[in-house]
Structure formats: structure tokens, C-alpha cells
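Have a look at start-v3.cif; it's mmCIF, C-alpha atoms:
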```
data_upload
loop_
_atom_site.label_atom_id
_atom_site.label_comp_id
_atom_site.auth_asym_id
_atom_site.auth_seq_id
_atom_site.Cartn_x
_atom_site.Cartn_y
_atom_site.Cartn_z
CA PHE D 1371 -109.61 90.14 38.95
CA GLU D 1372 -106.01 89.71 37.80
CA LEU D 1373 -107.11 86.69 35.77
CA ILE D 1374 -110.00 88.68 34.27
CA GLU D 1375 -107.55 91.37 33.23
CA GLU D 1376 -105.20 88.80 31.73
CA CYS D 1377 -108.00 87.20 29.71
CA ALA D 1378 -109.15 90.64 28.53
CA ALA D 1379 -105.61 91.30 27.32
CA ILE D 1380 -105.74 88.07 25.30
CA ALA D 1381 -109.04 89.16 23.73
CA ALA D 1382 -107.50 92.55 22.95
CA LYS D 1383 -104.51 90.97 21.21
CA GLU D 1384 -106.73 88.69 19.12
CA SER D 1385 -108.84 91.70 18.13
CA TYR D 1386 -105.79 93.84 17.34
CA GLN D 1387 -104.30 91.13 15.13
CA ASN D 1388 -107.58 90.89 13.22
CA GLY D 1389 -107.89 94.61 12.52
CA LEU D 1390 -110.37 95.54 15.26
CA HIS D 1391 -109.60 98.68 17.25
CA VAL D 1392 -112.66 99.11 19.48
CA LEU D 1393 -114.50 96.48 21.51
CA PHE D 1394 -118.08 97.20 22.57
CA SER D 1395 -117.32 95.83 26.01
CA PRO D 1396 -117.43 95.61 29.00
CA MET D 1397 -121.11 95.48 29.86
CA LEU D 1398 -121.44 96.93 33.36
CA ASP D 1399 -125.18 96.89 33.93
CA LEU D 1400 -125.92 95.93 37.52
CA VAL D 1401 -128.87 93.51 37.53
CA ARG D 1402 -131.18 92.50 40.38
CA ASP D 1403 -134.20 91.27 38.46
CA PRO D 1404 -133.72 87.77 36.99
CA ARG D 1405 -136.58 88.36 34.55
CA TRP D 1406 -134.41 90.66 32.43
CA GLY D 1407 -133.22 88.86 29.31
CA ARG D 1408 -129.57 89.97 29.43
CA VAL D 1409 -128.73 88.90 32.96
CA MET D 1410 -126.18 86.40 31.65
CA GLU D 1411 -124.04 89.27 30.32
CA SER D 1412 -123.91 91.21 33.58
CA PRO D 1413 -121.18 90.98 36.23
CA GLY D 1414 -123.93 90.65 38.83
CA GLU D 1415 -125.97 92.49 41.44
CA ASP D 1416 -123.21 93.92 43.64
CA ALA D 1417 -121.91 97.42 42.89
CA TYR D 1418 -118.40 96.66 44.18
CA LEU D 1419 -118.11 93.51 42.05
CA VAL D 1420 -119.34 95.33 38.95
CA SER D 1421 -116.82 98.12 39.58
CA GLU D 1422 -113.84 95.81 40.02
CA PHE D 1423 -114.86 93.75 37.00
CA GLY D 1424 -115.13 96.88 34.86
CA LYS D 1425 -111.71 98.20 35.88
CA SER D 1426 -110.09 94.82 35.18
CA ILE D 1427 -111.59 94.54 31.70
CA VAL D 1428 -110.63 98.10 30.75
CA ARG D 1429 -107.04 97.63 31.93
CA GLY D 1430 -106.82 94.34 30.04
CA TYR D 1431 -108.16 95.79 26.80
CA GLN D 1432 -106.27 99.07 26.79
CA GLY D 1433 -103.02 98.24 28.59
CA ILE D 1434 -100.80 101.01 29.90
CA ILE D 1435 -101.73 104.24 28.13
CA ASP D 1436 -98.95 106.81 27.78
CA GLU D 1437 -99.05 110.47 28.81
CA GLU D 1438 -100.47 111.46 25.43
CA GLU D 1439 -103.33 108.99 25.89
CA ASN D 1440 -102.07 106.66 23.16
CA ILE D 1441 -103.15 103.01 23.28
CA PRO D 1442 -100.21 100.60 22.89
CA LYS D 1443 -99.65 97.84 20.37
CA ASP D 1444 -101.71 94.67 20.86
CA ARG D 1445 -104.37 96.64 22.76
CA VAL D 1446 -107.71 98.16 21.80
CA ALA D 1447 -110.14 100.77 23.08
CA ALA D 1448 -112.77 99.72 25.61
CA CYS D 1449 -116.41 100.83 25.43
CA ILE D 1450 -118.44 100.59 28.63
CA LYS D 1451 -122.14 99.93 28.29
CA HIS D 1452 -125.00 100.57 28.63
CA PHE D 1453 -125.25 104.04 30.11
CA ALA D 1454 -127.19 103.96 32.30
CA ALA D 1455 -129.15 101.60 34.57
CA TYR D 1456 -130.00 99.40 31.60
CA GLY D 1457 -130.27 96.38 33.90
CA ALA D 1458 -133.18 97.72 35.94
CA PRO D 1459 -136.19 97.91 33.59
CA GLU D 1460 -139.66 97.58 35.05
CA ALA D 1461 -140.63 93.89 35.36
CA GLY D 1462 -137.47 92.93 33.45
CA ARG D 1463 -138.96 94.12 30.17
CA GLU D 1464 -136.27 94.90 27.61
CA TYR D 1465 -136.07 98.58 26.51
CA ALA D 1466 -138.71 99.53 29.09
CA ASN D 1467 -138.65 102.41 31.55
CA VAL D 1468 -136.29 102.40 34.52
CA ASP D 1469 -138.12 104.09 37.37
CA ILE D 1470 -135.45 104.69 39.97
CA SER D 1471 -134.64 107.19 42.71
CA GLU D 1472 -131.52 109.31 42.31
CA LEU D 1473 -130.20 107.82 45.57
CA ASN D 1474 -130.52 104.26 44.26
CA PHE D 1475 -129.10 105.29 40.89
CA ARG D 1476 -126.02 106.95 42.36
CA GLN D 1477 -125.43 104.45 45.15
CA ASN D 1478 -125.86 101.21 43.21
CA TYR D 1479 -126.10 101.60 39.44
CA LEU D 1480 -123.67 104.44 38.66
CA PRO D 1481 -120.48 103.23 40.48
CA GLY D 1482 -119.68 100.41 38.01
CA TYR D 1483 -119.66 102.74 35.02
CA GLU D 1484 -117.77 105.40 36.95
CA ALA D 1485 -115.05 102.96 38.06
CA ALA D 1486 -114.41 101.88 34.47
CA LEU D 1487 -114.29 105.50 33.34
CA LYS D 1488 -111.73 106.31 36.02
CA ALA D 1489 -109.72 103.41 34.56
CA ASN D 1490 -109.72 105.55 31.37
CA ALA D 1491 -112.22 103.68 29.17
CA LYS D 1492 -112.23 105.48 25.83
CA LEU D 1493 -115.85 105.01 24.81
CA VAL D 1494 -119.30 104.82 26.36
CA MET D 1495 -122.42 103.34 24.76
CA THR D 1496 -125.89 104.69 25.48
CA ALA D 1497 -128.64 102.43 26.79
CA PHE D 1498 -131.91 101.56 25.04
CA ASN D 1499 -134.08 102.13 28.09
CA LEU D 1500 -135.84 105.19 29.40
CA LEU D 1501 -134.49 106.60 32.65
CA ASN D 1502 -137.33 108.07 34.67
CA GLY D 1503 -139.31 108.71 31.50
CA ILE D 1504 -136.52 110.01 29.22
CA PRO D 1505 -134.68 107.70 26.78
CA CYS D 1506 -131.00 107.49 27.72
CA THR D 1507 -129.91 108.21 24.15
CA GLY D 1508 -131.70 111.56 24.24
CA ASN D 1509 -131.11 112.32 27.92
CA LYS D 1510 -129.13 115.53 28.25
CA TRP D 1511 -129.04 115.38 32.08
CA LEU D 1512 -127.59 111.87 32.00
CA ASN D 1513 -125.05 112.29 29.23
CA ARG D 1514 -123.92 115.88 29.60
CA LYS D 1515 -124.34 116.62 33.30
CA ILE D 1516 -123.60 113.22 34.86
CA LEU D 1517 -121.27 111.65 32.29
CA ARG D 1518 -119.44 114.67 30.91
CA GLU D 1519 -119.49 117.20 33.77
CA GLU D 1520 -119.59 115.17 36.98
CA ILE D 1521 -117.58 112.11 35.95
CA GLY D 1522 -115.38 114.08 33.55
CA PHE D 1523 -115.63 111.77 30.55
CA ASN D 1524 -114.29 113.41 27.38
CA GLY D 1525 -114.22 110.36 25.11
CA VAL D 1526 -116.61 109.10 22.46
CA LEU D 1527 -120.29 108.47 23.24
CA VAL D 1528 -121.85 106.04 20.77
CA SER D 1529 -125.50 105.07 20.49
CA ASP D 1530 -126.48 101.45 20.90
CA HIS D 1531 -127.78 99.63 17.81
CA ALA D 1532 -130.25 102.05 16.15
CA ALA D 1533 -130.98 103.69 19.53
CA ILE D 1534 -131.18 107.20 18.06
CA GLU D 1535 -133.91 106.20 15.64
CA GLU D 1536 -135.64 104.35 18.48
CA LEU D 1537 -136.33 107.67 20.16
CA ILE D 1538 -139.34 107.66 17.84
CA PRO D 1539 -141.07 104.46 19.07
CA HIS D 1540 -140.25 105.58 22.60
CA GLY D 1541 -142.52 108.56 21.89
CA TYR D 1542 -139.73 111.03 22.63
CA ALA D 1543 -139.16 112.21 19.04
CA LYS D 1544 -141.79 112.67 16.34
CA ASP D 1545 -139.49 111.79 13.43
CA LYS D 1546 -135.87 111.08 12.48
CA ARG D 1547 -135.04 114.77 12.19
CA GLU D 1548 -136.09 115.45 15.76
CA ALA D 1549 -134.40 112.25 16.95
CA ALA D 1550 -131.09 113.38 15.43
CA ARG D 1551 -131.35 116.80 17.06
CA LEU D 1552 -132.22 115.43 20.50
CA ALA D 1553 -129.42 112.86 20.44
CA MET D 1554 -126.80 115.36 19.29
CA GLU D 1555 -127.92 117.88 21.92
CA ALA D 1556 -127.68 115.12 24.52
CA GLY D 1557 -124.05 114.53 23.56
CA VAL D 1558 -124.19 111.37 21.42
CA ASP D 1559 -121.19 111.54 19.07
CA PHE D 1560 -122.08 108.95 16.47
CA ASP D 1561 -125.02 106.91 15.32
CA MET D 1562 -124.69 103.14 15.27
CA MET D 1563 -126.39 101.25 12.44
CA THR D 1564 -128.79 103.87 11.08
CA SER D 1565 -128.43 106.85 8.76
CA THR D 1566 -130.33 109.23 11.04
CA TYR D 1567 -127.33 111.51 11.67
CA ALA D 1568 -126.07 111.21 8.09
CA ASN D 1569 -129.40 112.24 6.60
CA GLU D 1570 -130.59 114.82 9.11
CA ILE D 1571 -127.65 116.70 10.68
CA THR D 1572 -126.86 118.89 7.65
CA GLY D 1573 -130.44 120.14 7.34
CA LEU D 1574 -130.68 120.81 11.07
CA ILE D 1575 -127.54 122.94 11.01
CA GLU D 1576 -128.52 124.82 7.84
CA SER D 1577 -131.92 125.64 9.30
CA GLY D 1578 -130.40 126.88 12.55
CA GLU D 1579 -132.13 124.21 14.63
CA LEU D 1580 -128.80 122.71 15.69
CA ASP D 1581 -125.61 124.52 16.68
CA ILE D 1582 -122.72 123.43 14.46
CA LYS D 1583 -120.46 123.56 17.52
CA LEU D 1584 -122.14 120.37 18.77
CA LEU D 1585 -121.17 118.60 15.56
CA ASP D 1586 -117.63 119.96 15.81
CA GLU D 1587 -117.34 118.55 19.34
CA ALA D 1588 -118.53 115.12 18.23
CA VAL D 1589 -116.18 114.99 15.24
CA TRP D 1590 -113.25 116.15 17.38
CA ARG D 1591 -113.79 113.41 19.94
CA ILE D 1592 -113.90 110.74 17.20
CA LEU D 1593 -110.73 112.12 15.59
CA MET D 1594 -109.00 112.16 18.97
CA LEU D 1595 -109.83 108.49 19.51
CA LYS D 1596 -108.47 107.57 16.07
CA ASN D 1597 -105.31 109.49 16.87
CA GLN D 1598 -104.90 107.70 20.21
CA LEU D 1599 -105.22 104.39 18.39
CA GLY D 1600 -102.55 105.42 15.88
CA LEU D 1601 -104.87 105.03 12.91
CA PHE D 1602 -103.65 108.16 11.13
CA GLU D 1603 -100.10 106.82 11.08
CA ASN D 1604 -101.25 103.29 10.23
CA PRO D 1605 -104.84 102.68 9.09
CA TYR D 1606 -104.05 98.94 8.94
CA ARG D 1607 -102.90 98.79 12.53
CA GLY D 1608 -102.49 95.17 13.54
CA LEU D 1609 -103.13 93.76 10.09
CA ASP D 1610 -99.70 94.52 8.63
CA GLU D 1611 -97.81 92.29 11.04
CA GLU D 1612 -96.62 88.76 10.38
CA ASP D 1613 -98.62 87.03 13.14
CA THR D 1614 -102.05 88.37 12.19
CA GLY D 1615 -105.41 86.63 12.40
CA VAL D 1616 -104.53 84.54 15.46
CA PHE D 1617 -107.44 82.96 17.32
CA LEU D 1618 -107.83 80.24 19.93
CA THR D 1619 -104.21 79.60 20.76
CA ASP D 1620 -103.53 76.83 23.28
CA TYR D 1621 -102.57 79.46 25.85
CA ALA D 1622 -105.79 81.41 25.28
CA LYS D 1623 -107.90 78.26 25.64
CA GLU D 1624 -106.08 77.28 28.84
CA LYS D 1625 -106.76 80.71 30.33
CA ALA D 1626 -110.41 80.57 29.26
CA ILE D 1627 -110.84 77.23 31.01
CA GLU D 1628 -109.11 78.55 34.13
CA LEU D 1629 -111.36 81.60 34.15
CA VAL D 1630 -114.51 79.47 33.89
CA GLU D 1631 -113.34 77.09 36.60
CA LYS D 1632 -112.56 79.91 39.02
CA SER D 1633 -115.83 81.68 38.22
CA VAL D 1634 -118.06 78.77 39.21
CA VAL D 1635 -119.72 79.20 42.59
CA LEU D 1636 -121.08 76.14 44.39
CA LEU D 1637 -123.73 77.45 46.76
CA LYS D 1638 -124.29 74.14 48.53
CA ASN D 1639 -122.77 70.68 48.20
CA SER D 1640 -125.35 68.57 50.00
CA ASN D 1641 -124.00 65.40 51.57
CA ASN D 1642 -120.72 65.87 49.67
CA THR D 1643 -122.39 64.90 46.40
CA LEU D 1644 -119.62 66.56 44.41
CA PRO D 1645 -117.28 65.51 43.01
CA ILE D 1646 -119.30 62.56 41.72
CA ASN D 1647 -117.66 59.18 42.12
CA LYS D 1648 -116.68 57.73 38.74
CA ASP D 1649 -118.52 54.51 39.64
CA LYS D 1650 -121.83 56.32 40.05
CA LYS D 1651 -124.51 56.23 37.38
CA VAL D 1652 -125.52 59.57 35.86
CA ALA D 1653 -128.70 60.44 33.94
CA VAL D 1654 -128.58 63.29 31.41
CA ILE D 1655 -132.11 64.31 30.48
CA GLY D 1656 -133.16 67.05 28.08
CA PRO D 1657 -132.69 68.19 24.46
CA TYR D 1658 -129.54 70.17 25.27
CA GLY D 1659 -127.62 67.30 26.84
CA ASN D 1660 -126.20 66.25 23.49
CA SER D 1661 -126.25 69.68 21.82
CA LYS D 1662 -123.16 71.49 20.55
CA PHE D 1663 -124.93 74.85 20.74
CA THR D 1664 -123.41 75.74 24.08
CA LEU D 1665 -121.56 78.98 23.28
CA GLY D 1666 -124.24 81.21 24.75
CA PHE D 1667 -125.94 84.31 23.40
CA TRP D 1668 -123.07 86.38 21.96
CA GLY D 1669 -120.49 83.60 21.79
CA SER D 1670 -122.46 81.86 19.08
CA VAL D 1671 -122.42 84.89 16.78
CA SER D 1672 -118.88 84.18 15.57
CA GLY D 1673 -118.01 80.92 17.31
CA SER D 1674 -118.36 77.53 15.70
CA PRO D 1675 -120.42 74.77 17.33
CA LEU D 1676 -117.80 72.37 16.00
CA ASP D 1677 -115.37 73.74 18.60
CA THR D 1678 -117.65 72.87 21.52
CA ILE D 1679 -118.04 69.76 23.64
CA THR D 1680 -121.51 68.57 24.57
CA LEU D 1681 -122.44 67.75 28.14
CA LYS D 1682 -122.76 64.11 27.17
CA GLU D 1683 -119.33 64.07 25.51
CA GLY D 1684 -117.73 65.73 28.51
CA LEU D 1685 -119.24 63.26 30.95
CA ASN D 1686 -118.14 60.35 28.79
CA ARG D 1687 -114.56 61.52 29.18
CA TYR D 1688 -114.83 61.21 32.94
CA PHE D 1689 -117.29 58.36 33.50
CA ASN D 1690 -117.51 54.91 32.09
CA SER D 1691 -119.92 55.21 29.16
CA GLU D 1692 -121.96 52.34 30.60
CA ASN D 1693 -122.77 54.56 33.58
CA ILE D 1694 -124.14 57.41 31.47
CA LYS D 1695 -127.82 57.27 30.59
CA TYR D 1696 -129.03 59.88 28.10
CA SER D 1697 -132.58 60.79 27.15
CA LYS D 1698 -133.58 63.67 24.91
CA GLY D 1699 -136.72 64.17 26.98
CA TYR D 1700 -139.45 66.52 25.77
CA ASN D 1701 -139.00 69.05 22.97
CA LEU D 1702 -140.48 72.45 23.70
CA PHE D 1703 -142.11 72.50 20.25
CA ASP D 1704 -143.84 69.75 18.27
CA ASP D 1705 -142.72 71.44 15.07
CA TYR D 1706 -140.83 74.59 14.13
CA GLU D 1707 -143.15 76.26 11.66
CA VAL D 1708 -143.50 79.11 14.13
CA PHE D 1709 -139.87 80.08 13.34
CA GLY D 1710 -140.77 80.78 9.73
CA GLY D 1711 -137.85 81.43 7.39
CA LEU D 1712 -135.38 81.01 10.24
CA LYS D 1713 -136.07 77.28 10.21
CA ASP D 1714 -134.89 77.02 6.62
CA VAL D 1715 -131.76 79.10 7.29
CA VAL D 1716 -130.76 77.01 10.29
CA SER D 1717 -131.51 73.82 8.39
CA LYS D 1718 -129.11 74.81 5.61
CA LEU D 1719 -126.37 75.68 8.09
CA ASN D 1720 -126.77 72.78 10.47
CA GLY D 1721 -128.62 70.02 8.67
CA PRO D 1722 -132.15 68.78 9.40
CA ILE D 1723 -133.81 70.26 12.46
CA GLU D 1724 -134.68 67.44 14.81
CA ASP D 1725 -134.98 69.16 18.16
CA LEU D 1726 -134.75 72.56 19.81
CA SER D 1727 -131.03 72.12 20.46
CA LEU D 1728 -130.39 73.09 16.84
CA ILE D 1729 -132.34 76.33 17.12
CA HIS D 1730 -130.41 79.48 17.95
CA ILE D 1731 -131.60 83.03 17.70
CA SER D 1732 -128.96 85.75 18.18
CA GLU D 1733 -131.11 88.68 17.04
CA PRO D 1734 -134.89 89.24 16.72
CA THR D 1735 -136.18 88.60 13.21
#
```
Would you write out, as C-alpha cells, the structure that this file holds?
Amino acid sequence: FELIEECAAIAAKESYQNGLHVLFSPMLDLVRDPRWGRVMESPGEDAYLVSEFGKSIVRGYQGIIDEEENIPKDRVAACIKHFAAYGAPEAGREYANVDISELNFRQNYLPGYEAALKANAKLVMTAFNLLNGIPCTGNKWLNRKILREEIGFNGVLVSDHAAIEELIPHGYAKDKREAARLAMEAGVDFDMMTSTYANEITGLIESGELDIKLLDEAVWRILMLKNQLGLFENPYRGLDEEDTGVFLTDYAKEKAIELVEKSVVLLKNSNNTLPINKDKKVAVIGPYGNSKFTLGFWGSVSGSPLDTITLKEGLNRYFNSENIKYSKGYNLFDDYEVFGGLKDVVSKLNGPIEDLSLIHISEPT
């Protein structure tokens, strides 16, 4: 966990030097159903592990906060997500209902978030899912009673991407006006990626449907966070220093490699197969064996495939190339017309599409 904290501090410094003040991380959704599509982002299925991971990330991002709650230089604010029980949807279906007993919720799913909050995480992000029939983004019991009253969180609560507006397709709100009211009453301070709050809050207050005190509370919490980050004194915090825009230093890459190496778990090494003798012959079969698209789901949003090493290239560094046999194997698609316009976009960015290894989807289209 010390190494996790150290790597989080590196990420914080890179963010700080590039003008970012808040990271929408760590994700602390305990997951026990492998069918869920975001398992790869989770710390795992053990409540203790999730808790320790969360505390380490928060400490790494935020550093040592002073008595006035100010975040030091080279550090940023952490945002834990997704509150709550996002990793337990029925049948692993994204955004679906989480049907869970309060005992299971408190004993297994809540501790990870709570541990990170006790480490003084400055923000919390709502979850897309329903919790026992009520969407988390409009769930007053979850956000005001559990998060605010019981845990004592007084920081900023942000919706996930368009989650306030998504109260409508969940069937919880009839329109954007009602969605804005329900989310504000539930304690959500600001609306990510839609104009639902911007367009609806004024009318709700003027009509008396929404108490202006709720808006005052939300604005105050946001202003407090900006003050703790020092943005009133310096709106260009991190960008006005000489060593700005630093990414991928040798030290950072060494630590990233160390973290990956120490995170790998070998469940069984039958007949001492590993490490493989350099004189052995190795077959690499499949369309991803020679693909540079290995950064993963979120890593590929801003990372460059040119910085990666393919499995085949890595093995060639260790084995004699004569001992490596590579076969692309079977493509999952005979053609890529099903991807529509995305095929043309990817083609322009990466050249002709020859196999599935060149296809990457980071967001639904």
C-alpha cells in the first residue's frame, strides 16, 4: 500500500503540473460478479483490501492537509466513486438495480468508501445504479443520511456523467425539472456534463418548489473546495511554474513497472512452468498478440499506443526470435461495417483496419 500511495503521489504531481486540481479517482466499488463490465477498475472483492487501497490513493493524491484543510503544492483533491454499491448490479448489468440487504451493504460495500472518507477525500461521485429501487443520484437516504449525517462527509458531491438527467430513463423523474429538484434535495452539489441544474434550478426556486438554502449549501461546498485548493489566490495553480507539463518521467515509469510487477498474483505454477526457460519455444496466438492497443479501458483515452510494447515485442526481448511462433488466429468479425462511422474514425487515426486489435471503444456511440 505504500507503493500505491507513492504512485498516486506521482499521478497527483503530473496532474498538478498540467493544471488539473481534482481527479475523479479512486474507484472503490467492491465487485463480486465478474459479469459486470467495470471489474477491471475495481480494487477487488474484499472489503478490507478496498478500504486500504482507497486510503492509500487518497493520501497519495492529497498529501498532508494542514489544519485549515488546505491541499499542498503538487497535490490534488481526490474524488471517491461511485457512491454506492455500483459494483453489485443484478446480473452484472451496467446501470441496473442493486438489490441488497442493509446488512450486506453496510458490512461489505460501504466500508471502502467510508475508509477513504476518513482519510479526508474531498469529493464523492454518485453512482449510476439504483439502490433498492431508488437511483443513487436522487437517493436522499443514501446521500444525506448515510453520507452526510452518519459518515460526516461535508465535501462536494458530484453526479456521475449525466447521472442527474438519467433519473428520467430510470423512471424516477418525469422530466429534467423534476430530476434537478430530486438531485438537489438528495444533496448533489453539481451536475456533470448536462445543463439540467443550469436550466432548471432558477425556475424551481422562483416557484417555491425548491428551497434556496439547498442551493446555498451546494455553492458553499464548491467554494470551500476551491479555497482549499488555493484557486482564489492562484487560478493557474501548477501552470505558472517552470517545470510544468511533465509526463512519463523515467522515475514515474520505473514506479509504474514496479507497481505492476508487485500486483501480479500467480495462483498456481504447475510443474514449475514459470519462469519459462529461454530455450523453450513459445506460441503466441490471437489478434492481440501483436497489438499496441494494450493500455486498457481508461488508459487509452489519453495514452498513445506508440508508447506501448506488444506481447510479441516483449517476448522477443527475452527469447530468441526463432523460438517465437506468432499467429493472428481468428478475428472476431469478418468485417467492421457494424461499427459504422467509428470504423472511419479509427481508420484515419490508426491506418487501415485489418483486425480487431485496431478497434477500441472508450465510450458508447
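The coordinates place atom CA of D:Leu1580 at 19.6 Å from atom CA of D:Leu1512.
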Grab the atom CA of D:Ser1697 to atom CA of D:Lys1662 distance for me, in Å with one decimal place. 15.7 Å
Which value, in Å to one decimal, gives the distance between atom CA of D:Leu1585 and atom CA of D:Asp1559? 7.9 Å
Would you give me, as a tab-separated table, each residue of stretch 1426-1507 of chain D having an atom within 8 Å of an atom of stretch 1599-1621 of chain D, along with its shortest atom pair and that distance in Å to one decimal, using all atoms listed in the file and sorting by chain and residue number?
```
residue	atom	partner	partner_atom	distance
D:Asn1440	CA	D:Leu1599	CA	6.2
D:Ile1441	CA	D:Leu1599	CA	5.5
D:Pro1442	CA	D:Leu1599	CA	7.7
D:Lys1443	CA	D:Gly1608	CA	7.9
D:Asp1444	CA	D:Gly1608	CA	7.4
D:Val1446	CA	D:Leu1599	CA	7.5
D:Ala1447	CA	D:Leu1599	CA	7.7
```
Might you spell out which residues the PyMOL selection byres ((chain D and resi 1403) around 10) would select in the displayed file, as a VMD selection string? chain D and resid 1400 to 1402 1404 to 1407 1409 1415 1457 to 1463
What does the PyMOL selection byres ((chain D and resi 1547) around 8) select in this file, as a ChimeraX atom specification? /D:1545-1546,1548-1551,1566,1570-1571,1574
Can you tell me, as a count of residues only, what residues are no more than 9 Å from D:Gly1424 when counting only C-alpha atoms, ignoring any on the same chain fewer than 6 positions away? 11
Near D:Val1392, counting only C-alpha atoms, which residues have an atom at most 10 Å away, once you skip same-chain residues fewer than 4 positions from it, shown as a list in words? Ala1382, Ser1385, Tyr1386, Tyr1431, Gln1432, Arg1445, Val1446, Ala1447, Ala1448, Cys1449, Lys1492, Leu1493, Leu1595 and Leu1599 of chain D
Calculated over only C-alpha atoms, which of the candidates D:Leu1473, D:Thr1664, D:Gly1503, D:Glu1576 has the smallest distance to D:Gly1541? D:Gly1503
Skip D:Leu1552 itself and residues of its chain fewer than 4 positions away, then list as JSON, numbers by chain all residues within 9 Å of it, counting all atoms listed in the file. {"D": [1507, 1508, 1509, 1510, 1534, 1537, 1542, 1543, 1547, 1548, 1556, 1557]}
Mind listing as number ranges by chain all residues within 12 Å of (-109.9, 79.9, 32.5), counting only C-alpha atoms? D: 1372-1378, 1380, 1620-1634
Mind working out the centre and edge lengths of an axis-aligned box for stretch 1449-1455 of chain D, all listed atoms inside, 5 Å added to each side, rounded to one decimal in Å and written as JSON?
```
{"center_x": -122.8, "center_y": 102.0, "center_z": 30.0, "size_x": 22.7, "size_y": 14.1, "size_z": 19.1}
```
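Of the listed residues D:Pro1645, D:Gly1659, D:Gly1673, D:Pro1481, the one whose atoms come nearest to D:Phe1689 is D:Pro1645, with distances taken using only C-alpha atoms.
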Tell me, as a list in words, which residues lie within 9 Å of D:Ile1521, counting all atoms listed in the file; anything in the same chain fewer than 2 positions away does not count. Glu1484, Leu1487, Lys1488, Lys1515, Ile1516, Leu1517, Arg1518, Glu1519 and Phe1523 of chain D
Go ahead and save the residues from that selection, with C-alpha atoms, as a CSV table (one decimal), keeping the file's coordinate frame.
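And here's selection.csv as it stands now:
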```
chain,number,residue,atom,x,y,z
D,1484,GLU,CA,-117.8,105.4,37.0
D,1487,LEU,CA,-114.3,105.5,33.3
D,1488,LYS,CA,-111.7,106.3,36.0
D,1515,LYS,CA,-124.3,116.6,33.3
D,1516,ILE,CA,-123.6,113.2,34.9
D,1517,LEU,CA,-121.3,111.6,32.3
D,1518,ARG,CA,-119.4,114.7,30.9
D,1519,GLU,CA,-119.5,117.2,33.8
D,1523,PHE,CA,-115.6,111.8,30.6
```
Can you patch up stretch 1616-1622 of chain D, filling it in to all heavy atoms, and show the result as a PDB file, in the coordinates of the input?
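Okay, this is what ended up in out_2.pdb:
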```pdb
ATOM      1  N   VAL D1616    -104.700  85.649  14.509  1.00  0.00           N
ATOM      2  CA  VAL D1616    -104.530  84.540  15.460  1.00  0.00           C
ATOM      3  C   VAL D1616    -105.741  84.421  16.364  1.00  0.00           C
ATOM      4  O   VAL D1616    -106.173  85.383  16.984  1.00  0.00           O
ATOM      5  CB  VAL D1616    -103.262  84.745  16.313  1.00  0.00           C
ATOM      6  CG1 VAL D1616    -103.135  83.635  17.336  1.00  0.00           C
ATOM      7  CG2 VAL D1616    -102.033  84.779  15.414  1.00  0.00           C
ATOM      8  N   PHE D1617    -106.315  83.235  16.436  1.00  0.00           N
ATOM      9  CA  PHE D1617    -107.440  82.960  17.320  1.00  0.00           C
ATOM     10  C   PHE D1617    -107.202  81.637  18.036  1.00  0.00           C
ATOM     11  O   PHE D1617    -106.528  80.741  17.522  1.00  0.00           O
ATOM     12  CB  PHE D1617    -108.754  82.837  16.533  1.00  0.00           C
ATOM     13  CG  PHE D1617    -109.405  84.143  16.205  1.00  0.00           C
ATOM     14  CD1 PHE D1617    -109.653  84.494  14.880  1.00  0.00           C
ATOM     15  CD2 PHE D1617    -109.791  85.021  17.197  1.00  0.00           C
ATOM     16  CE1 PHE D1617    -110.266  85.686  14.569  1.00  0.00           C
ATOM     17  CE2 PHE D1617    -110.409  86.221  16.895  1.00  0.00           C
ATOM     18  CZ  PHE D1617    -110.642  86.552  15.576  1.00  0.00           C
ATOM     19  N   LEU D1618    -107.761  81.515  19.219  1.00  0.00           N
ATOM     20  CA  LEU D1618    -107.830  80.240  19.930  1.00  0.00           C
ATOM     21  C   LEU D1618    -106.483  79.533  20.030  1.00  0.00           C
ATOM     22  O   LEU D1618    -106.351  78.355  19.704  1.00  0.00           O
ATOM     23  CB  LEU D1618    -108.848  79.313  19.237  1.00  0.00           C
ATOM     24  CG  LEU D1618    -110.314  79.753  19.311  1.00  0.00           C
ATOM     25  CD1 LEU D1618    -111.183  78.815  18.479  1.00  0.00           C
ATOM     26  CD2 LEU D1618    -110.811  79.783  20.749  1.00  0.00           C
ATOM     27  N   THR D1619    -105.484  80.249  20.487  1.00  0.00           N
ATOM     28  CA  THR D1619    -104.210  79.600  20.760  1.00  0.00           C
ATOM     29  C   THR D1619    -104.371  78.680  21.971  1.00  0.00           C
ATOM     30  O   THR D1619    -105.318  78.818  22.756  1.00  0.00           O
ATOM     31  CB  THR D1619    -103.117  80.632  21.066  1.00  0.00           C
ATOM     32  OG1 THR D1619    -103.476  81.350  22.264  1.00  0.00           O
ATOM     33  CG2 THR D1619    -102.974  81.615  19.911  1.00  0.00           C
ATOM     34  N   ASP D1620    -103.456  77.746  22.132  1.00  0.00           N
ATOM     35  CA  ASP D1620    -103.530  76.830  23.280  1.00  0.00           C
ATOM     36  C   ASP D1620    -103.497  77.606  24.588  1.00  0.00           C
ATOM     37  O   ASP D1620    -104.223  77.277  25.534  1.00  0.00           O
ATOM     38  CB  ASP D1620    -102.372  75.833  23.221  1.00  0.00           C
ATOM     39  CG  ASP D1620    -102.515  74.831  22.091  1.00  0.00           C
ATOM     40  OD1 ASP D1620    -103.652  74.668  21.605  1.00  0.00           O
ATOM     41  OD2 ASP D1620    -101.500  74.235  21.692  1.00  0.00           O
ATOM     42  N   TYR D1621    -102.664  78.642  24.631  1.00  0.00           N
ATOM     43  CA  TYR D1621    -102.570  79.460  25.850  1.00  0.00           C
ATOM     44  C   TYR D1621    -103.899  80.153  26.141  1.00  0.00           C
ATOM     45  O   TYR D1621    -104.360  80.176  27.295  1.00  0.00           O
ATOM     46  CB  TYR D1621    -101.456  80.494  25.703  1.00  0.00           C
ATOM     47  CG  TYR D1621    -101.329  81.425  26.878  1.00  0.00           C
ATOM     48  CD1 TYR D1621    -100.781  80.988  28.082  1.00  0.00           C
ATOM     49  CD2 TYR D1621    -101.785  82.748  26.794  1.00  0.00           C
ATOM     50  CE1 TYR D1621    -100.669  81.846  29.169  1.00  0.00           C
ATOM     51  CE2 TYR D1621    -101.672  83.603  27.875  1.00  0.00           C
ATOM     52  CZ  TYR D1621    -101.120  83.147  29.062  1.00  0.00           C
ATOM     53  OH  TYR D1621    -101.021  83.987  30.137  1.00  0.00           O
ATOM     54  N   ALA D1622    -104.512  80.708  25.098  1.00  0.00           N
ATOM     55  CA  ALA D1622    -105.790  81.410  25.280  1.00  0.00           C
ATOM     56  C   ALA D1622    -106.861  80.446  25.770  1.00  0.00           C
ATOM     57  O   ALA D1622    -107.662  80.785  26.663  1.00  0.00           O
ATOM     58  CB  ALA D1622    -106.218  82.062  23.967  1.00  0.00           C
TER      59      ALA D1622
END
```
